[in-house]
file start_22.cif (mmCIF, C-alpha atoms and all ligand atoms)
data_query
loop_
_atom_site.label_atom_id
_atom_site.label_comp_id
_atom_site.auth_asym_id
_atom_site.auth_seq_id
_atom_site.Cartn_x
_atom_site.Cartn_y
_atom_site.Cartn_z
CA MET M 1161 151.21 43.96 43.05
CA ALA M 1162 154.22 41.83 42.21
CA ASP M 1163 156.72 44.72 42.50
CA GLU M 1164 155.62 45.70 46.05
CA PRO M 1165 158.51 45.76 48.58
CA PRO M 1166 158.51 42.67 50.79
CA ASN M 1167 158.82 44.80 53.98
CA PRO M 1168 155.25 45.93 54.88
CA LEU M 1169 156.64 49.18 56.40
CA GLN M 1170 157.98 50.25 53.03
CA ARG M 1171 154.74 49.65 51.13
CA VAL M 1172 152.86 52.70 49.91
CA LEU M 1173 150.00 53.27 52.32
CA PRO M 1174 146.47 54.08 51.18
CA GLY M 1175 145.75 57.82 51.10
CA GLY M 1176 145.14 59.48 54.49
CA ILE M 1177 147.08 56.96 56.58
CA VAL M 1178 150.18 58.37 58.31
CA PRO M 1179 153.20 56.06 58.37
CA GLU M 1180 154.12 54.67 61.81
CA ASP M 1181 157.59 56.19 61.95
CA GLU M 1182 156.14 59.65 61.32
CA VAL M 1183 153.59 59.12 64.13
CA VAL M 1184 156.39 58.07 66.50
CA ARG M 1185 158.50 61.08 65.52
CA THR M 1186 155.58 63.50 66.09
CA GLU M 1187 154.75 61.90 69.45
CA GLN M 1188 158.35 62.24 70.59
CA ARG M 1189 158.40 65.91 69.58
CA TRP M 1190 155.24 66.62 71.59
CA LEU M 1191 156.64 64.69 74.55
CA ILE M 1192 159.77 66.87 74.50
CA ILE M 1193 157.67 70.08 74.27
CA MET M 1194 155.49 68.90 77.17
CA LEU M 1195 158.47 67.96 79.34
CA GLY M 1196 159.95 71.38 78.56
CA MET M 1197 156.74 73.11 79.67
CA LEU M 1198 156.69 71.03 82.88
CA ALA M 1199 160.32 71.97 83.56
CA VAL M 1200 159.53 75.68 83.06
CA MET M 1201 156.50 75.51 85.40
CA MET M 1202 158.49 73.65 88.07
CA ALA M 1203 161.27 76.23 87.76
CA VAL M 1204 158.75 79.08 88.19
CA ILE M 1205 157.39 77.43 91.36
CA VAL M 1206 160.84 76.86 92.83
CA VAL M 1207 162.17 80.35 91.94
CA THR M 1208 159.09 82.23 93.21
CA SER M 1209 158.99 80.19 96.43
CA LEU M 1210 162.63 81.04 97.09
CA THR M 1211 162.56 84.71 96.05
CA HIS M 1212 159.02 85.78 97.03
CA ALA M 1213 158.32 83.42 99.93
CA LEU M 1214 155.37 82.06 97.96
CA HIS M 1215 154.66 78.73 99.52
CA PRO M 1216 151.75 77.01 101.26
CA PRO M 1217 151.47 78.08 104.89
CA SER M 1218 152.72 75.15 106.92
CA ASN M 1219 151.88 76.28 110.43
CA VAL M 1220 150.31 73.33 112.25
CA GLU M 1221 148.86 74.73 115.45
CA LEU M 1222 145.72 73.35 117.03
CA ILE M 1223 143.00 75.34 118.80
CA ASN M 1224 139.64 74.40 120.27
CA SER M 1225 137.16 76.14 117.96
CA VAL M 1226 134.33 75.79 120.49
CA THR M 1227 136.00 77.81 123.26
CA LEU M 1228 138.13 80.27 121.25
CA HIS M 1229 135.76 83.18 122.00
CA LEU M 1230 135.92 82.47 125.72
CA LYS M 1231 139.58 82.06 126.58
CA GLY M 1232 143.05 82.29 125.12
CA GLU M 1233 144.57 84.24 122.29
CA PHE M 1234 141.40 84.86 120.26
CA VAL M 1235 139.13 86.45 122.88
CA GLU M 1236 137.54 89.64 121.54
CA SER M 1237 139.75 92.03 123.53
CA ASN M 1238 142.87 90.45 122.02
CA LEU M 1239 141.84 90.72 118.35
CA GLY M 1240 143.26 93.25 115.91
CA THR M 1241 146.82 94.53 115.61
CA ALA M 1242 149.34 94.38 118.43
CA LEU M 1243 152.92 95.68 118.38
CA GLU M 1244 155.51 93.19 119.63
CA PRO M 1245 158.53 94.16 121.76
CA ASP M 1246 160.81 93.54 118.73
CA GLY M 1247 158.90 96.16 116.69
CA SER M 1248 156.98 93.69 114.52
CA ALA M 1249 153.18 93.56 114.42
CA THR M 1250 150.82 90.67 115.02
CA VAL M 1251 147.26 90.77 113.68
CA ARG M 1252 144.75 88.36 115.18
CA LEU M 1253 141.50 87.78 113.30
CA ILE M 1254 138.57 85.44 113.49
CA ALA M 1255 137.00 84.36 110.20
CA GLN M 1256 133.42 83.29 110.72
CA GLN M 1257 130.19 83.00 108.72
CA TYR M 1258 130.07 85.67 107.22
CA SER M 1259 132.54 88.23 108.44
CA PHE M 1260 136.06 88.78 109.66
CA VAL M 1261 136.44 90.08 113.22
CA PRO M 1262 137.56 92.82 113.24
CA GLU M 1263 136.43 93.83 109.76
CA CYS M 1264 139.22 96.35 109.28
CA VAL M 1265 142.68 96.53 110.84
CA ASN M 1266 145.48 99.08 110.69
CA VAL M 1267 149.01 97.81 110.23
CA PRO M 1268 152.30 99.75 110.02
CA ALA M 1269 154.22 99.93 106.73
CA ASP M 1270 157.81 98.64 106.41
CA THR M 1271 157.32 96.35 109.39
CA PRO M 1272 157.18 92.56 109.60
CA VAL M 1273 153.50 91.66 110.01
CA LYS M 1274 152.28 88.29 111.21
CA PHE M 1275 148.62 87.39 110.60
CA ARG M 1276 147.11 84.78 112.89
CA LEU M 1277 143.62 83.59 112.02
CA THR M 1278 141.24 80.91 113.10
CA SER M 1279 137.63 79.92 112.45
CA PRO M 1280 134.91 78.83 114.85
CA ASP M 1281 132.67 77.29 112.17
CA VAL M 1282 133.69 76.24 108.65
CA ILE M 1283 136.67 76.65 106.32
CA HIS M 1284 137.23 80.22 105.15
CA GLY M 1285 139.96 81.79 103.04
CA PHE M 1286 142.15 84.84 103.53
CA ILE M 1287 143.93 86.57 100.68
CA LEU M 1288 145.51 90.00 100.29
CA GLY M 1289 145.95 91.01 96.66
CA ASP M 1290 149.49 91.90 95.48
CA THR M 1291 151.07 90.24 98.53
CA ASN M 1292 152.20 86.74 99.45
CA VAL M 1293 149.29 86.44 101.91
CA ASN M 1294 146.97 83.63 100.89
CA THR M 1295 145.80 80.95 103.28
CA MET M 1296 142.87 78.77 104.20
CA VAL M 1297 141.41 79.26 107.65
CA VAL M 1298 140.44 75.85 108.98
CA PRO M 1299 138.43 75.36 112.17
CA GLY M 1300 140.56 73.66 114.81
CA PHE M 1301 143.77 75.20 113.48
CA VAL M 1302 145.53 78.56 113.67
CA SER M 1303 146.67 79.83 110.26
CA GLU M 1304 149.75 82.00 110.36
CA VAL M 1305 151.14 84.05 107.48
CA ARG M 1306 153.95 86.59 107.51
CA THR M 1307 154.39 89.54 105.21
CA SER M 1308 155.30 93.20 105.18
CA PHE M 1309 153.83 96.16 103.31
CA THR M 1310 156.05 98.69 101.59
CA THR M 1311 153.42 101.23 100.55
CA PRO M 1312 150.67 102.70 102.73
CA GLY M 1313 147.22 102.09 101.35
CA GLU M 1314 144.21 99.89 101.61
CA TYR M 1315 144.06 96.19 100.86
CA THR M 1316 140.84 94.24 100.66
CA MET M 1317 140.79 90.73 102.04
CA PRO M 1318 137.96 88.69 100.61
CA CYS M 1319 137.13 85.21 101.84
CA HIS M 1320 138.11 82.95 98.98
CA GLU M 1321 136.78 79.61 100.17
CA PHE M 1322 133.10 78.97 99.57
CA CYS M 1323 131.68 78.94 103.10
CA GLY M 1324 127.93 79.20 102.64
CA VAL M 1325 125.18 81.48 101.31
CA GLY M 1326 126.85 84.64 102.62
CA HIS M 1327 130.28 83.83 101.19
CA GLN M 1328 130.29 86.51 98.49
CA GLY M 1329 129.69 89.23 101.09
CA MET M 1330 132.46 88.11 103.41
CA TRP M 1331 135.40 90.44 103.12
CA ALA M 1332 137.40 92.88 105.21
CA ARG M 1333 140.14 95.47 104.86
CA VAL M 1334 143.71 96.03 105.93
CA THR M 1335 144.82 99.66 106.01
CA VAL M 1336 148.58 100.14 105.88
CA VAL M 1337 149.56 103.35 107.68
CA PRO M 1338 153.03 104.98 107.59
CA ARG M 1339 155.37 103.33 110.06
CA GLU M 1340 155.95 106.45 112.19
CA GLN M 1341 152.23 107.19 112.39
CA PHE M 1342 151.22 103.77 113.71
CA PRO M 1343 152.39 104.08 117.35
CA LYS M 1344 150.27 107.25 117.65
CA LEU M 1345 147.09 105.30 117.06
CA THR M 1346 145.01 104.42 120.09
CA VAL M 1347 144.45 100.79 121.01
CA VAL M 1348 140.90 101.09 119.68
CA GLU M 1349 142.12 102.50 116.37
CA ARG M 1350 144.63 99.67 116.03
CA THR M 1351 142.00 97.08 116.81
CA SER M 1352 139.55 98.28 114.23
CA CYS M 1353 139.44 100.85 111.47
CA VAL M 1354 135.75 100.27 110.84
CA PRO M 1355 134.12 103.74 110.70
CA GLN M 1356 132.47 104.28 114.10
CU1 LIG M 1401 134.03 82.73 104.44
CU2 LIG M 1401 133.73 82.31 102.11
#
call {"tool": "encode", "arguments": {"input": "start_22.cif", "output": "structure tokens"}}
result
Amino acid sequence: MADEPPNPLQRVLPGGIVPEDEVVRTEQRWLIIMLGMLAVMMAVIVVTSLTHALHPPSNVELINSVTLHLKGEFVESNLGTALEPDGSATVRLIAQQYSFVPECVNVPADTPVKFRLTSPDVIHGFILGDTNVNTMVVPGFVSEVRTSFTTPGEYTMPCHEFCGVGHQGMWARVTVVPREQFPKLTVVERTSCVPQ
């Protein structure tokens, strides 16, 4: 014991104990790896939000959920797809326990499409796979999301917020029709593509 170094850090440690400087070095390495991963994830969020318009919908627009069936923008006759004077399309939908109204809408391809949704009861969700459309539908608010579809086809839009016992059966469809074909549809066909 007499020839032990006077500095306790230089003494030989009992087997199985890792010296403090090695612990510090390992911790610093992991910290750098973790900060690197955080930087990569932040960069992915920033780049996708700038290039793919992937960002939380920030439309703050209030609506009275008690009277929305009776007056204003979301009365039944005004639901579905409408063409705007500038050539874009607006789709108005109500998300309610446990269906979307209407359950199927036609929209034109290669056209700016604006979805406007609201709920008369509880929080629902609205997502279209392979697009940037993903929003919550909160009673008392109008959710607005903008997108456009390049390829004709059918998109399913399930409710993705748990809204009650019927949640798993709550879904609807968007059918994207070729741009030149859309104006030939009747108002009824635009409003709903549910098989009659
Ligand atoms: Cu509506 Cu889940």
call {"tool": "residues_around", "arguments": {"input": "start_22.cif", "residues": "Leu1222 (chain M)", "least_positions_apart": "2", "cutoff": "7 Å", "atoms": "only C-alpha atoms", "output": "VMD selection string"}}
result
chain M and resid 1220 1224 1300 to 1302
call {"tool": "atom_distance", "arguments": {"input": "start_22.cif", "atom1": "CA of Val1273 (chain M)", "atom2": "CA of Asp1246 (chain M)"}}
result
11.5 Å
call {"tool": "closest_atom_pairs", "arguments": {"input": "start_22.cif", "of": "chain M", "to": "ligand LIG 1401 (chain M)", "cutoff": "6 Å", "atoms": "all atoms listed in the file", "output": "JSON lines"}}
result
{"residue": "M:Gln1257", "atom": "CA", "partner": "M:LIG1401", "partner_atom": "CU1", "distance": 5.8}
{"residue": "M:Tyr1258", "atom": "CA", "partner": "M:LIG1401", "partner_atom": "CU1", "distance": 5.7}
{"residue": "M:His1284", "atom": "CA", "partner": "M:LIG1401", "partner_atom": "CU1", "distance": 4.1}
{"residue": "M:Cys1319", "atom": "CA", "partner": "M:LIG1401", "partner_atom": "CU2", "distance": 4.5}
{"residue": "M:His1320", "atom": "CA", "partner": "M:LIG1401", "partner_atom": "CU2", "distance": 5.4}
{"residue": "M:Glu1321", "atom": "CA", "partner": "M:LIG1401", "partner_atom": "CU2", "distance": 4.5}
{"residue": "M:Phe1322", "atom": "CA", "partner": "M:LIG1401", "partner_atom": "CU2", "distance": 4.2}
{"residue": "M:Cys1323", "atom": "CA", "partner": "M:LIG1401", "partner_atom": "CU2", "distance": 4.1}
{"residue": "M:His1327", "atom": "CA", "partner": "M:LIG1401", "partner_atom": "CU2", "distance": 3.9}
{"residue": "M:Met1330", "atom": "CA", "partner": "M:LIG1401", "partner_atom": "CU1", "distance": 5.7}
call {"tool": "closest_residue", "arguments": {"input": "start_22.cif", "among": "M:Asn1219, M:Gln1188, M:Gln1170, M:Ser1259", "to": "Gly1324 (chain M)", "atoms": "all atoms listed in the file"}}
result
M:Ser1259
call {"tool": "atom_distance", "arguments": {"input": "start_22.cif", "atom1": "CA of Ala1255 (chain M)", "atom2": "CA of Thr1278 (chain M)"}}
result
6.2 Å
call {"tool": "residues_around", "arguments": {"input": "start_22.cif", "residues": "His1212 (chain M)", "least_positions_apart": "3", "cutoff": "10 Å", "atoms": "only C-alpha atoms", "output": "list in words"}}
result
Val1207, Thr1208, Ser1209, His1215, Thr1291 and Asn1292 of chain M
call {"tool": "atom_distance", "arguments": {"input": "start_22.cif", "atom1": "CA of Asn1266 (chain M)", "atom2": "CA of Leu1210 (chain M)"}}
result
28.4 Å
call {"tool": "closest_residue", "arguments": {"input": "start_22.cif", "among": "M:Ala1203, M:Cys1353, M:Ile1283, M:Val1336", "to": "Pro1312 (chain M)", "atoms": "all atoms listed in the file"}}
result
M:Val1336
call {"tool": "residues_near_point", "arguments": {"input": "start_22.cif", "point": "(145.3, 77.4, 118.3)", "cutoff": "12 Å", "atoms": "only C-alpha atoms", "output": "count of residues only"}}
result
31
call {"tool": "closest_residue", "arguments": {"input": "start_22.cif", "among": "M:Thr1271, M:Ile1287, M:Ala1249, M:Val1261", "to": "Ser1237 (chain M)", "atoms": "all atoms listed in the file"}}
result
M:Val1261
call {"tool": "axis_aligned_box", "arguments": {"input": "start_22.cif", "around": "region 1200-1209 of chain M", "padding_each_side": "5 Å", "output": "AutoDock Vina command-line options"}}
result
--center_x 159.3 --center_y 77.9 --center_z 89.7 --size_x 15.7 --size_y 18.6 --size_z 23.4
call {"tool": "residues_near_point", "arguments": {"input": "start_22.cif", "point": "(132.2, 91.8, 98.3)", "cutoff": "10 Å", "atoms": "only C-alpha atoms", "output": "PyMOL selection string"}}
result
chain M and resi 1316-1319+1326-1332
call {"tool": "residues_around", "arguments": {"input": "start_22.cif", "residues": "Thr1346 (chain M)", "least_positions_apart": "4", "cutoff": "12 Å", "atoms": "all atoms listed in the file", "output": "PyMOL selection string"}}
result
chain M and resi 1241-1243+1266+1341-1342+1350-1353
call {"tool": "decode", "arguments": {"input": "start_22.cif", "residues": "region 1187-1218 of chain M", "atoms": "N, CA and C atoms", "output": "compact mmCIF listing (two decimals), in the first residue's frame"}}
result
# COMPACT_ATOMS: atom_id res chain seq x y z
N GLU M 1187 -20.06 10.16 -21.49
CA GLU M 1187 -21.26 11.00 -21.41
C GLU M 1187 -21.21 12.11 -22.44
N GLN M 1188 -20.03 12.71 -22.61
CA GLN M 1188 -19.92 13.81 -23.58
C GLN M 1188 -20.17 13.30 -25.00
N ARG M 1189 -19.65 12.10 -25.29
CA ARG M 1189 -19.89 11.54 -26.63
C ARG M 1189 -21.38 11.35 -26.88
N TRP M 1190 -22.08 10.76 -25.89
CA TRP M 1190 -23.52 10.54 -26.07
C TRP M 1190 -24.28 11.86 -26.20
N LEU M 1191 -23.82 12.87 -25.44
CA LEU M 1191 -24.47 14.18 -25.52
C LEU M 1191 -24.34 14.74 -26.94
N ILE M 1192 -23.14 14.59 -27.52
CA ILE M 1192 -22.91 15.11 -28.88
C ILE M 1192 -23.79 14.35 -29.88
N ILE M 1193 -23.87 13.00 -29.74
CA ILE M 1193 -24.72 12.19 -30.64
C ILE M 1193 -26.17 12.64 -30.52
N MET M 1194 -26.62 12.86 -29.26
CA MET M 1194 -28.02 13.24 -29.05
C MET M 1194 -28.32 14.63 -29.63
N LEU M 1195 -27.38 15.57 -29.41
CA LEU M 1195 -27.58 16.91 -29.97
C LEU M 1195 -27.60 16.84 -31.50
N GLY M 1196 -26.77 15.96 -32.07
CA GLY M 1196 -26.77 15.77 -33.52
C GLY M 1196 -28.10 15.25 -34.02
N MET M 1197 -28.67 14.26 -33.29
CA MET M 1197 -29.98 13.72 -33.68
C MET M 1197 -31.05 14.80 -33.59
N LEU M 1198 -31.01 15.60 -32.51
CA LEU M 1198 -31.99 16.69 -32.36
C LEU M 1198 -31.87 17.67 -33.53
N ALA M 1199 -30.62 17.99 -33.90
CA ALA M 1199 -30.42 18.94 -35.00
C ALA M 1199 -30.98 18.38 -36.29
N VAL M 1200 -30.77 17.07 -36.54
CA VAL M 1200 -31.29 16.45 -37.77
C VAL M 1200 -32.82 16.50 -37.77
N MET M 1201 -33.44 16.15 -36.62
CA MET M 1201 -34.92 16.15 -36.56
C MET M 1201 -35.48 17.56 -36.75
N MET M 1202 -34.84 18.56 -36.13
CA MET M 1202 -35.29 19.94 -36.30
C MET M 1202 -35.17 20.35 -37.77
N ALA M 1203 -34.05 19.95 -38.40
CA ALA M 1203 -33.84 20.30 -39.81
C ALA M 1203 -34.91 19.66 -40.68
N VAL M 1204 -35.28 18.40 -40.38
CA VAL M 1204 -36.33 17.72 -41.16
C VAL M 1204 -37.65 18.49 -41.03
N ILE M 1205 -37.97 18.92 -39.79
CA ILE M 1205 -39.23 19.66 -39.59
C ILE M 1205 -39.21 20.97 -40.37
N VAL M 1206 -38.11 21.70 -40.28
CA VAL M 1206 -38.04 23.00 -40.95
C VAL M 1206 -38.10 22.81 -42.47
N VAL M 1207 -37.31 21.85 -43.00
CA VAL M 1207 -37.25 21.67 -44.46
C VAL M 1207 -38.61 21.20 -45.00
N THR M 1208 -39.24 20.21 -44.32
CA THR M 1208 -40.53 19.73 -44.84
C THR M 1208 -41.60 20.80 -44.72
N SER M 1209 -41.55 21.62 -43.66
CA SER M 1209 -42.59 22.65 -43.54
C SER M 1209 -42.43 23.70 -44.63
N LEU M 1210 -41.18 23.95 -45.05
CA LEU M 1210 -40.97 24.95 -46.09
C LEU M 1210 -41.25 24.38 -47.48
N THR M 1211 -40.88 23.11 -47.72
CA THR M 1211 -40.98 22.57 -49.08
C THR M 1211 -42.30 21.85 -49.34
N HIS M 1212 -42.94 21.29 -48.29
CA HIS M 1212 -44.16 20.53 -48.49
C HIS M 1212 -45.37 21.14 -47.79
N ALA M 1213 -45.21 22.35 -47.30
CA ALA M 1213 -46.30 23.02 -46.57
C ALA M 1213 -46.84 22.15 -45.46
N LEU M 1214 -45.96 21.38 -44.82
CA LEU M 1214 -46.40 20.55 -43.70
C LEU M 1214 -46.27 21.37 -42.43
N HIS M 1215 -47.37 21.86 -41.96
CA HIS M 1215 -47.33 22.61 -40.71
C HIS M 1215 -48.70 22.54 -40.07
N PRO M 1216 -48.81 22.79 -38.77
CA PRO M 1216 -50.12 22.70 -38.13
C PRO M 1216 -51.05 23.75 -38.70
N PRO M 1217 -52.28 23.37 -39.02
CA PRO M 1217 -53.23 24.38 -39.50
C PRO M 1217 -53.39 25.46 -38.44
N SER M 1218 -53.36 26.71 -38.87
CA SER M 1218 -53.38 27.78 -37.87
C SER M 1218 -54.56 28.72 -38.09
